[in-house]
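**Student:** As input, take entry-v5.txt (compact mmCIF, C-alpha atoms):
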```txt
# COMPACT_ATOMS: atom_id res chain seq x y z
CA GLU A 1 -37.49 21.00 -50.20
CA ILE A 2 -38.85 22.38 -53.47
CA GLU A 3 -36.37 21.76 -56.26
CA GLY A 4 -35.82 24.25 -59.04
CA LEU A 5 -36.95 27.38 -57.21
CA PRO A 6 -34.94 30.57 -57.62
CA GLU A 7 -33.02 31.61 -54.49
CA THR A 8 -35.43 34.49 -53.83
CA ALA A 9 -38.35 32.03 -53.84
CA LYS A 10 -36.49 29.65 -51.51
CA THR A 11 -35.92 32.55 -49.13
CA GLY A 12 -39.58 33.58 -49.36
CA LEU A 13 -40.70 30.00 -48.74
CA ALA A 14 -38.47 29.68 -45.68
CA LYS A 15 -39.85 32.97 -44.35
CA ALA A 16 -43.47 31.89 -44.94
CA LEU A 17 -42.91 28.49 -43.30
CA THR A 18 -41.35 30.22 -40.29
CA GLU A 19 -44.24 32.69 -40.08
CA ALA A 20 -46.79 29.85 -40.24
CA LEU A 21 -44.89 27.89 -37.59
CA GLN A 22 -44.67 30.89 -35.27
CA HIS A 23 -48.38 31.55 -35.77
CA GLY A 24 -49.11 27.95 -34.74
CA PHE A 25 -46.95 28.20 -31.62
CA LYS A 26 -48.47 31.52 -30.60
CA THR A 27 -52.15 30.79 -31.25
CA GLY A 28 -52.56 27.01 -31.58
CA THR A 29 -54.45 27.70 -34.81
CA GLU A 30 -53.79 27.41 -38.52
CA CYS A 31 -52.96 30.21 -40.91
CA LEU A 32 -52.67 30.39 -44.68
CA LEU A 33 -50.02 32.24 -46.70
CA HIS A 34 -49.35 32.55 -50.43
CA ILE A 35 -46.12 33.47 -52.19
CA ASP A 36 -45.09 33.98 -55.79
CA LYS A 37 -43.25 30.86 -57.01
CA ASN A 38 -40.61 32.94 -58.80
CA THR A 39 -39.97 35.86 -56.44
CA GLY A 40 -40.92 34.41 -53.05
CA LYS A 41 -42.87 37.55 -52.27
CA SER A 42 -46.19 37.40 -50.48
CA VAL A 43 -49.09 37.79 -52.91
CA TYR A 44 -52.01 37.80 -50.47
CA SER A 45 -52.39 38.75 -46.81
CA LYS A 46 -52.29 36.06 -44.12
CA VAL A 47 -55.59 34.28 -43.50
CA GLU A 48 -56.11 33.08 -39.93
CA GLY A 49 -57.99 29.88 -39.18
CA THR A 50 -59.04 27.61 -36.34
CA THR A 51 -57.26 24.75 -34.58
CA ASN A 52 -57.93 22.42 -37.49
CA GLY A 53 -58.75 24.45 -40.58
CA VAL A 54 -58.69 27.63 -42.61
CA VAL A 55 -61.59 28.93 -44.68
CA PHE A 56 -60.57 30.53 -47.95
CA PRO A 57 -62.24 33.95 -48.26
CA GLN A 58 -63.98 34.45 -51.60
CA SER A 59 -61.57 37.28 -52.44
CA LEU A 60 -58.64 34.82 -52.13
CA VAL A 61 -60.41 32.24 -54.31
CA ASP A 62 -61.07 34.96 -56.90
CA PHE A 63 -57.42 36.03 -56.76
CA LEU A 64 -56.18 32.45 -57.17
CA ASP A 65 -58.63 31.79 -60.01
CA LYS A 66 -57.22 34.77 -61.93
CA ALA A 67 -53.51 34.10 -61.22
CA ALA A 68 -51.29 32.46 -63.83
CA PRO A 69 -51.14 28.65 -63.82
CA SER A 70 -48.58 27.15 -61.41
CA SER A 71 -47.42 30.59 -60.23
CA ILE A 72 -48.20 30.43 -56.50
CA ILE A 73 -47.06 28.36 -53.53
CA SER A 74 -49.70 27.95 -50.84
CA ILE A 75 -48.35 27.52 -47.30
CA HIS A 76 -50.13 26.75 -44.06
CA ASN A 77 -49.51 25.13 -40.72
CA HIS A 78 -50.94 22.16 -38.87
CA PRO A 79 -50.65 22.49 -35.08
CA SER A 80 -51.07 18.68 -34.91
CA SER A 81 -48.01 18.24 -37.20
CA SER A 82 -50.01 15.98 -39.51
CA SER A 83 -49.74 15.85 -43.29
CA PHE A 84 -52.36 17.16 -45.71
CA SER A 85 -56.10 16.67 -45.34
CA ASP A 86 -58.30 15.74 -48.28
CA ALA A 87 -59.60 19.33 -48.19
CA ASP A 88 -56.02 20.64 -48.61
CA LEU A 89 -55.47 18.40 -51.61
CA SER A 90 -58.80 19.39 -53.14
CA VAL A 91 -57.84 23.07 -53.02
CA MET A 92 -54.55 22.35 -54.79
CA SER A 93 -56.25 20.22 -57.42
CA ARG A 94 -58.99 22.74 -58.14
CA LEU A 95 -56.92 25.94 -58.20
CA LYS A 96 -54.57 25.67 -61.16
CA SER A 97 -52.57 28.71 -60.02
CA ILE A 98 -51.16 26.72 -57.08
CA SER A 99 -47.93 25.03 -58.11
CA HIS A 100 -47.10 23.60 -54.69
CA LEU A 101 -48.85 23.13 -51.38
CA ALA A 102 -46.66 23.21 -48.27
CA VAL A 103 -47.57 22.62 -44.65
CA VAL A 104 -45.45 22.87 -41.52
CA GLY A 105 -46.28 21.14 -38.26
CA ASN A 106 -45.67 22.56 -34.80
CA ASP A 107 -42.95 19.92 -34.40
CA GLY A 108 -41.11 21.37 -37.44
CA THR A 109 -42.02 18.62 -39.91
CA ARG A 110 -42.63 20.02 -43.38
CA TYR A 111 -44.72 18.44 -46.13
CA VAL A 112 -44.81 19.48 -49.78
CA VAL A 113 -47.03 18.22 -52.60
CA LYS A 114 -47.52 19.30 -56.19
CA VAL A 115 -49.64 18.05 -59.06
CA GLY A 116 -46.68 18.24 -61.46
CA GLN A 117 -47.32 15.84 -64.35
CA GLY A 118 -50.17 14.19 -62.42
CA ILE A 119 -53.90 14.65 -62.83
CA ARG A 120 -56.27 17.11 -61.17
CA PRO A 121 -59.12 14.93 -59.89
CA THR A 122 -62.36 16.22 -58.40
CA SER A 123 -62.82 16.81 -54.68
CA THR A 124 -65.05 13.74 -54.57
CA GLU A 125 -62.33 11.55 -56.11
CA ILE A 126 -59.70 12.93 -53.74
CA SER A 127 -61.91 12.41 -50.68
CA ALA A 128 -62.71 8.84 -51.74
CA GLU A 129 -59.02 7.97 -52.19
CA TRP A 130 -58.05 9.74 -48.96
CA LYS A 131 -60.74 7.86 -47.00
CA ALA A 132 -59.81 4.51 -48.58
CA ALA A 133 -56.15 5.01 -47.64
CA HIS A 134 -57.21 6.15 -44.15
CA ASP A 135 -59.34 3.05 -43.66
CA ARG A 136 -56.56 0.68 -44.88
CA HIS A 137 -54.28 1.85 -42.06
CA PHE A 138 -56.77 2.77 -39.33
CA ASN A 139 -56.80 -0.50 -37.39
CA TYR A 140 -53.02 -0.70 -37.33
CA PHE A 141 -52.64 2.74 -35.78
CA ASN A 142 -55.70 2.41 -33.56
CA ASN A 143 -54.28 -0.80 -32.09
CA LYS A 144 -50.87 0.80 -31.51
CA VAL A 145 -52.55 3.62 -29.58
CA ALA A 146 -54.78 1.21 -27.63
CA ARG A 147 -51.72 -0.82 -26.56
CA GLY A 148 -49.88 2.34 -25.50
CA GLU A 149 -47.19 1.88 -28.17
CA LEU A 150 -47.94 5.23 -29.83
CA ARG A 151 -49.39 8.49 -28.61
CA PRO A 152 -52.51 9.48 -30.57
CA GLU A 153 -50.78 12.54 -32.07
CA ASP A 154 -47.80 10.46 -33.23
CA ALA A 155 -50.11 7.85 -34.72
CA TRP A 156 -52.06 10.51 -36.60
CA LYS A 157 -48.89 12.15 -37.92
CA THR A 158 -47.61 8.88 -39.37
CA HIS A 159 -51.06 7.76 -40.48
CA THR A 160 -51.65 10.95 -42.49
CA HIS A 161 -48.21 10.65 -44.08
CA LEU A 162 -49.04 7.15 -45.33
CA ILE A 163 -52.42 8.35 -46.57
CA ILE A 164 -50.84 11.13 -48.62
CA GLU A 165 -48.14 8.85 -50.01
CA GLU A 166 -50.88 6.60 -51.37
CA VAL A 167 -53.09 9.42 -52.66
CA ALA A 168 -50.11 11.11 -54.34
CA GLU A 169 -49.09 7.86 -56.01
CA LYS A 170 -52.65 7.23 -57.22
CA PHE A 171 -52.87 10.65 -58.92
CA GLY A 172 -49.25 10.90 -60.08
CA TRP A 173 -48.37 13.77 -57.73
CA GLU A 174 -44.99 14.54 -56.19
CA TYR A 175 -44.99 14.38 -52.38
CA ARG A 176 -42.26 14.80 -49.81
CA ARG A 177 -42.04 14.88 -46.03
CA VAL A 178 -39.05 16.61 -44.43
CA MET A 179 -38.48 15.76 -40.79
CA PRO A 180 -37.18 18.49 -38.42
CA ASN A 181 -33.63 17.04 -38.43
CA GLU A 182 -33.44 16.74 -42.26
CA LYS A 183 -32.26 19.38 -44.68
```
As a first step, turn the structure in this file into structure tokens.
**Tutor:**
Amino acid sequence: EIEGLPETAKTGLAKALTEALQHGFKTGTECLLHIDKNTGKSVYSKVEGTTNGVVFPQSLVDFLDKAAPSSIISIHNHPSSSSFSDADLSVMSRLKSISHLAVVGNDGTRYVVKVGQGIRPTSTEISAEWKAAHDRHFNYFNNKVARGELRPEDAWKTHTHLIIEEVAEKFGWEYRRVMPNEK
């Protein structure tokens, strides 16, 4: 789902996504992996998180701050199968070494975002746009759940996808969701 990557990087990305997915199945928690965009090789050891987040150790932040611009793909999992959080997007925007951010849900859905030709806004700007998009769609999904038309986890998965579509458009980013049955 990332165009223009060398075959070795595509293989490394597939391996990292599988590792993150297996971690999610086994533990019910998130993990964070980083690979070289050109070689697909791991560039930092796996960082384990909680059910809904991963804290970047300072040594990882230091490593990413020193790495070449757009040289690393950051991969993690979301046990809830939702798209990116505002915190995820803030990390990508702040750390110029990250070329792409990828997340895989426990249901196999994959999401990829990159700044590309877009802008790198502040965390405050990202959070404000994320919250505004969240609030625009909240009542729709809340009502669907209340009427029993959607399970809460399905509502959240679709809700977050819409949020990220809007945030990505606002900042000129490239965003893609790949469902489990898509190639």
**Student:** Looking at only C-alpha atoms, which of A:Gln117, A:Ser82, A:Thr124, A:Asn77 is the one that sits closest to Thr18 in chain A?
**Tutor:**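 Using only C-alpha atoms, the shortest distance to Thr18 in chain A belongs to A:Asn77.
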**Student:** What is the CA of Leu21 in chain A-CA of Ser42 in chain A distance in Å, reported with one decimal?
**Tutor:**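 Computing the Euclidean distance for CA of Leu21 in chain A and CA of Ser42 in chain A yields 16.1 Å.
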**Student:** Using all atoms listed in the file, which of the listed residues (A:Phe56, A:Trp156, A:Asp135, A:Ser74) sits closest to Ala20 in chain A?
**Tutor:**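 Nearest candidate to Ala20 in chain A out of A:Phe56, A:Trp156, A:Asp135, A:Ser74: A:Ser74.
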**Student:** Fewer than 2 positions away in the same chain doesn't count, so skip those; otherwise give me all residues within 12 Å of range 172-175 of chain A, counting all atoms listed in the file, as a ChimeraX atom specification.
**Tutor:** /A:1-3,83-84,89,92-93,99-103,110-121,161-170,177-178
**Student:** Counting all atoms listed in the file, which residue out of A:Thr160, A:Lys46, A:Gly24, A:Ile73 sits closest to Arg136 in chain A?
**Tutor:**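 When distances to Arg136 in chain A are compared using all atoms listed in the file, the smallest one comes from A:Thr160.
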**Student:** Please export range 130-179 of chain A as a PDB file, in the first residue's frame, restricted to N, CA and C atoms.
**Tutor:**
```
ATOM      1  N   TRP A 130      -8.325  17.390  14.403  1.00  0.00           N
ATOM      2  CA  TRP A 130      -8.800  16.037  14.703  1.00  0.00           C
ATOM      3  C   TRP A 130     -10.090  16.125  15.531  1.00  0.00           C
ATOM      4  N   LYS A 131     -10.094  16.966  16.553  1.00  0.00           N
ATOM      5  CA  LYS A 131     -11.268  17.120  17.412  1.00  0.00           C
ATOM      6  C   LYS A 131     -12.445  17.704  16.637  1.00  0.00           C
ATOM      7  N   ALA A 132     -12.191  18.685  15.791  1.00  0.00           N
ATOM      8  CA  ALA A 132     -13.271  19.284  14.996  1.00  0.00           C
ATOM      9  C   ALA A 132     -13.906  18.237  14.072  1.00  0.00           C
ATOM     10  N   ALA A 133     -13.072  17.427  13.426  1.00  0.00           N
ATOM     11  CA  ALA A 133     -13.598  16.369  12.556  1.00  0.00           C
ATOM     12  C   ALA A 133     -14.344  15.323  13.392  1.00  0.00           C
ATOM     13  N   HIS A 134     -13.800  14.986  14.542  1.00  0.00           N
ATOM     14  CA  HIS A 134     -14.473  14.050  15.458  1.00  0.00           C
ATOM     15  C   HIS A 134     -15.866  14.567  15.803  1.00  0.00           C
ATOM     16  N   ASP A 135     -15.933  15.818  16.206  1.00  0.00           N
ATOM     17  CA  ASP A 135     -17.195  16.399  16.657  1.00  0.00           C
ATOM     18  C   ASP A 135     -18.219  16.499  15.520  1.00  0.00           C
ATOM     19  N   ARG A 136     -17.764  16.740  14.286  1.00  0.00           N
ATOM     20  CA  ARG A 136     -18.690  16.818  13.138  1.00  0.00           C
ATOM     21  C   ARG A 136     -19.436  15.505  12.923  1.00  0.00           C
ATOM     22  N   HIS A 137     -18.799  14.395  13.230  1.00  0.00           N
ATOM     23  CA  HIS A 137     -19.395  13.076  12.950  1.00  0.00           C
ATOM     24  C   HIS A 137     -19.901  12.349  14.192  1.00  0.00           C
ATOM     25  N   PHE A 138     -19.638  12.885  15.368  1.00  0.00           N
ATOM     26  CA  PHE A 138     -19.947  12.170  16.610  1.00  0.00           C
ATOM     27  C   PHE A 138     -21.418  11.799  16.738  1.00  0.00           C
ATOM     28  N   ASN A 139     -22.319  12.742  16.560  1.00  0.00           N
ATOM     29  CA  ASN A 139     -23.742  12.451  16.752  1.00  0.00           C
ATOM     30  C   ASN A 139     -24.244  11.375  15.800  1.00  0.00           C
ATOM     31  N   TYR A 140     -23.774  11.419  14.567  1.00  0.00           N
ATOM     32  CA  TYR A 140     -24.181  10.404  13.594  1.00  0.00           C
ATOM     33  C   TYR A 140     -23.836   9.000  14.097  1.00  0.00           C
ATOM     34  N   PHE A 141     -22.596   8.806  14.500  1.00  0.00           N
ATOM     35  CA  PHE A 141     -22.168   7.483  14.948  1.00  0.00           C
ATOM     36  C   PHE A 141     -22.753   7.131  16.315  1.00  0.00           C
ATOM     37  N   ASN A 142     -22.856   8.097  17.187  1.00  0.00           N
ATOM     38  CA  ASN A 142     -23.455   7.850  18.498  1.00  0.00           C
ATOM     39  C   ASN A 142     -24.908   7.386  18.348  1.00  0.00           C
ATOM     40  N   ASN A 143     -25.651   8.010  17.451  1.00  0.00           N
ATOM     41  CA  ASN A 143     -27.036   7.613  17.218  1.00  0.00           C
ATOM     42  C   ASN A 143     -27.135   6.216  16.605  1.00  0.00           C
ATOM     43  N   LYS A 144     -26.235   5.897  15.695  1.00  0.00           N
ATOM     44  CA  LYS A 144     -26.222   4.550  15.096  1.00  0.00           C
ATOM     45  C   LYS A 144     -25.986   3.484  16.170  1.00  0.00           C
ATOM     46  N   VAL A 145     -25.088   3.763  17.094  1.00  0.00           N
ATOM     47  CA  VAL A 145     -24.809   2.824  18.181  1.00  0.00           C
ATOM     48  C   VAL A 145     -26.020   2.736  19.103  1.00  0.00           C
ATOM     49  N   ALA A 146     -26.596   3.873  19.454  1.00  0.00           N
ATOM     50  CA  ALA A 146     -27.748   3.906  20.367  1.00  0.00           C
ATOM     51  C   ALA A 146     -28.946   3.138  19.801  1.00  0.00           C
ATOM     52  N   ARG A 147     -29.109   3.178  18.481  1.00  0.00           N
ATOM     53  CA  ARG A 147     -30.224   2.451  17.835  1.00  0.00           C
ATOM     54  C   ARG A 147     -29.896   0.988  17.567  1.00  0.00           C
ATOM     55  N   GLY A 148     -28.668   0.575  17.890  1.00  0.00           N
ATOM     56  CA  GLY A 148     -28.271  -0.811  17.660  1.00  0.00           C
ATOM     57  C   GLY A 148     -27.912  -1.114  16.217  1.00  0.00           C
ATOM     58  N   GLU A 149     -27.703  -0.090  15.403  1.00  0.00           N
ATOM     59  CA  GLU A 149     -27.368  -0.280  13.992  1.00  0.00           C
ATOM     60  C   GLU A 149     -25.887  -0.559  13.780  1.00  0.00           C
ATOM     61  N   LEU A 150     -25.061  -0.127  14.731  1.00  0.00           N
ATOM     62  CA  LEU A 150     -23.618  -0.357  14.663  1.00  0.00           C
ATOM     63  C   LEU A 150     -23.108  -0.736  16.039  1.00  0.00           C
ATOM     64  N   ARG A 151     -22.154  -1.654  16.058  1.00  0.00           N
ATOM     65  CA  ARG A 151     -21.462  -1.947  17.314  1.00  0.00           C
ATOM     66  C   ARG A 151     -20.520  -0.784  17.604  1.00  0.00           C
ATOM     67  N   PRO A 152     -20.258  -0.481  18.867  1.00  0.00           N
ATOM     68  CA  PRO A 152     -19.370   0.647  19.183  1.00  0.00           C
ATOM     69  C   PRO A 152     -18.010   0.557  18.482  1.00  0.00           C
ATOM     70  N   GLU A 153     -17.425  -0.640  18.425  1.00  0.00           N
ATOM     71  CA  GLU A 153     -16.104  -0.779  17.798  1.00  0.00           C
ATOM     72  C   GLU A 153     -16.159  -0.534  16.289  1.00  0.00           C
ATOM     73  N   ASP A 154     -17.259  -0.920  15.645  1.00  0.00           N
ATOM     74  CA  ASP A 154     -17.399  -0.654  14.213  1.00  0.00           C
ATOM     75  C   ASP A 154     -17.628   0.834  13.952  1.00  0.00           C
ATOM     76  N   ALA A 155     -18.401   1.459  14.827  1.00  0.00           N
ATOM     77  CA  ALA A 155     -18.630   2.900  14.704  1.00  0.00           C
ATOM     78  C   ALA A 155     -17.320   3.652  14.850  1.00  0.00           C
ATOM     79  N   TRP A 156     -16.514   3.279  15.847  1.00  0.00           N
ATOM     80  CA  TRP A 156     -15.256   3.970  16.085  1.00  0.00           C
ATOM     81  C   TRP A 156     -14.295   3.785  14.923  1.00  0.00           C
ATOM     82  N   LYS A 157     -14.252   2.587  14.367  1.00  0.00           N
ATOM     83  CA  LYS A 157     -13.365   2.309  13.234  1.00  0.00           C
ATOM     84  C   LYS A 157     -13.709   3.222  12.054  1.00  0.00           C
ATOM     85  N   THR A 158     -14.985   3.313  11.725  1.00  0.00           N
ATOM     86  CA  THR A 158     -15.399   4.150  10.598  1.00  0.00           C
ATOM     87  C   THR A 158     -15.267   5.629  10.937  1.00  0.00           C
ATOM     88  N   HIS A 159     -15.610   5.981  12.159  1.00  0.00           N
ATOM     89  CA  HIS A 159     -15.504   7.367  12.611  1.00  0.00           C
ATOM     90  C   HIS A 159     -14.064   7.868  12.490  1.00  0.00           C
ATOM     91  N   THR A 160     -13.108   7.082  12.993  1.00  0.00           N
ATOM     92  CA  THR A 160     -11.711   7.523  12.932  1.00  0.00           C
ATOM     93  C   THR A 160     -11.215   7.624  11.489  1.00  0.00           C
ATOM     94  N   HIS A 161     -11.694   6.745  10.632  1.00  0.00           N
ATOM     95  CA  HIS A 161     -11.314   6.814   9.216  1.00  0.00           C
ATOM     96  C   HIS A 161     -11.775   8.146   8.614  1.00  0.00           C
ATOM     97  N   LEU A 162     -13.007   8.530   8.881  1.00  0.00           N
ATOM     98  CA  LEU A 162     -13.513   9.812   8.375  1.00  0.00           C
ATOM     99  C   LEU A 162     -12.735  10.991   8.947  1.00  0.00           C
ATOM    100  N   ILE A 163     -12.409  10.897  10.232  1.00  0.00           N
ATOM    101  CA  ILE A 163     -11.617  11.962  10.869  1.00  0.00           C
ATOM    102  C   ILE A 163     -10.290  12.138  10.133  1.00  0.00           C
ATOM    103  N   ILE A 164      -9.597  11.033   9.887  1.00  0.00           N
ATOM    104  CA  ILE A 164      -8.271  11.128   9.269  1.00  0.00           C
ATOM    105  C   ILE A 164      -8.373  11.571   7.820  1.00  0.00           C
ATOM    106  N   GLU A 165      -9.413  11.158   7.114  1.00  0.00           N
ATOM    107  CA  GLU A 165      -9.602  11.664   5.748  1.00  0.00           C
ATOM    108  C   GLU A 165      -9.672  13.188   5.748  1.00  0.00           C
ATOM    109  N   GLU A 166     -10.420  13.741   6.680  1.00  0.00           N
ATOM    110  CA  GLU A 166     -10.570  15.196   6.754  1.00  0.00           C
ATOM    111  C   GLU A 166      -9.290  15.891   7.193  1.00  0.00           C
ATOM    112  N   VAL A 167      -8.619  15.336   8.198  1.00  0.00           N
ATOM    113  CA  VAL A 167      -7.369  15.935   8.675  1.00  0.00           C
ATOM    114  C   VAL A 167      -6.315  15.880   7.570  1.00  0.00           C
ATOM    115  N   ALA A 168      -6.206  14.746   6.899  1.00  0.00           N
ATOM    116  CA  ALA A 168      -5.224  14.598   5.818  1.00  0.00           C
ATOM    117  C   ALA A 168      -5.505  15.598   4.699  1.00  0.00           C
ATOM    118  N   GLU A 169      -6.751  15.762   4.341  1.00  0.00           N
ATOM    119  CA  GLU A 169      -7.100  16.724   3.293  1.00  0.00           C
ATOM    120  C   GLU A 169      -6.731  18.152   3.721  1.00  0.00           C
ATOM    121  N   LYS A 170      -7.030  18.491   4.958  1.00  0.00           N
ATOM    122  CA  LYS A 170      -6.742  19.829   5.480  1.00  0.00           C
ATOM    123  C   LYS A 170      -5.253  20.167   5.370  1.00  0.00           C
ATOM    124  N   PHE A 171      -4.383  19.200   5.680  1.00  0.00           N
ATOM    125  CA  PHE A 171      -2.948  19.458   5.706  1.00  0.00           C
ATOM    126  C   PHE A 171      -2.216  19.023   4.430  1.00  0.00           C
ATOM    127  N   GLY A 172      -2.950  18.497   3.457  1.00  0.00           N
ATOM    128  CA  GLY A 172      -2.334  18.097   2.201  1.00  0.00           C
ATOM    129  C   GLY A 172      -1.569  16.792   2.273  1.00  0.00           C
ATOM    130  N   TRP A 173      -1.949  15.923   3.216  1.00  0.00           N
ATOM    131  CA  TRP A 173      -1.268  14.642   3.379  1.00  0.00           C
ATOM    132  C   TRP A 173      -1.898  13.575   2.488  1.00  0.00           C
ATOM    133  N   GLU A 174      -1.159  12.515   2.262  1.00  0.00           N
ATOM    134  CA  GLU A 174      -1.675  11.346   1.546  1.00  0.00           C
ATOM    135  C   GLU A 174      -2.102  10.316   2.584  1.00  0.00           C
ATOM    136  N   TYR A 175      -3.327   9.793   2.423  1.00  0.00           N
ATOM    137  CA  TYR A 175      -3.878   8.840   3.400  1.00  0.00           C
ATOM    138  C   TYR A 175      -4.592   7.739   2.651  1.00  0.00           C
ATOM    139  N   ARG A 176      -4.437   6.530   3.153  1.00  0.00           N
ATOM    140  CA  ARG A 176      -5.097   5.385   2.525  1.00  0.00           C
ATOM    141  C   ARG A 176      -5.472   4.359   3.582  1.00  0.00           C
ATOM    142  N   ARG A 177      -6.662   3.796   3.416  1.00  0.00           N
ATOM    143  CA  ARG A 177      -7.103   2.665   4.238  1.00  0.00           C
ATOM    144  C   ARG A 177      -7.206   1.463   3.316  1.00  0.00           C
ATOM    145  N   VAL A 178      -6.658   0.331   3.769  1.00  0.00           N
ATOM    146  CA  VAL A 178      -6.721  -0.916   3.011  1.00  0.00           C
ATOM    147  C   VAL A 178      -7.462  -1.933   3.868  1.00  0.00           C
ATOM    148  N   MET A 179      -8.634  -2.322   3.399  1.00  0.00           N
ATOM    149  CA  MET A 179      -9.442  -3.290   4.129  1.00  0.00           C
ATOM    150  C   MET A 179      -8.831  -4.690   4.007  1.00  0.00           C
TER     151      MET A 179
END
```
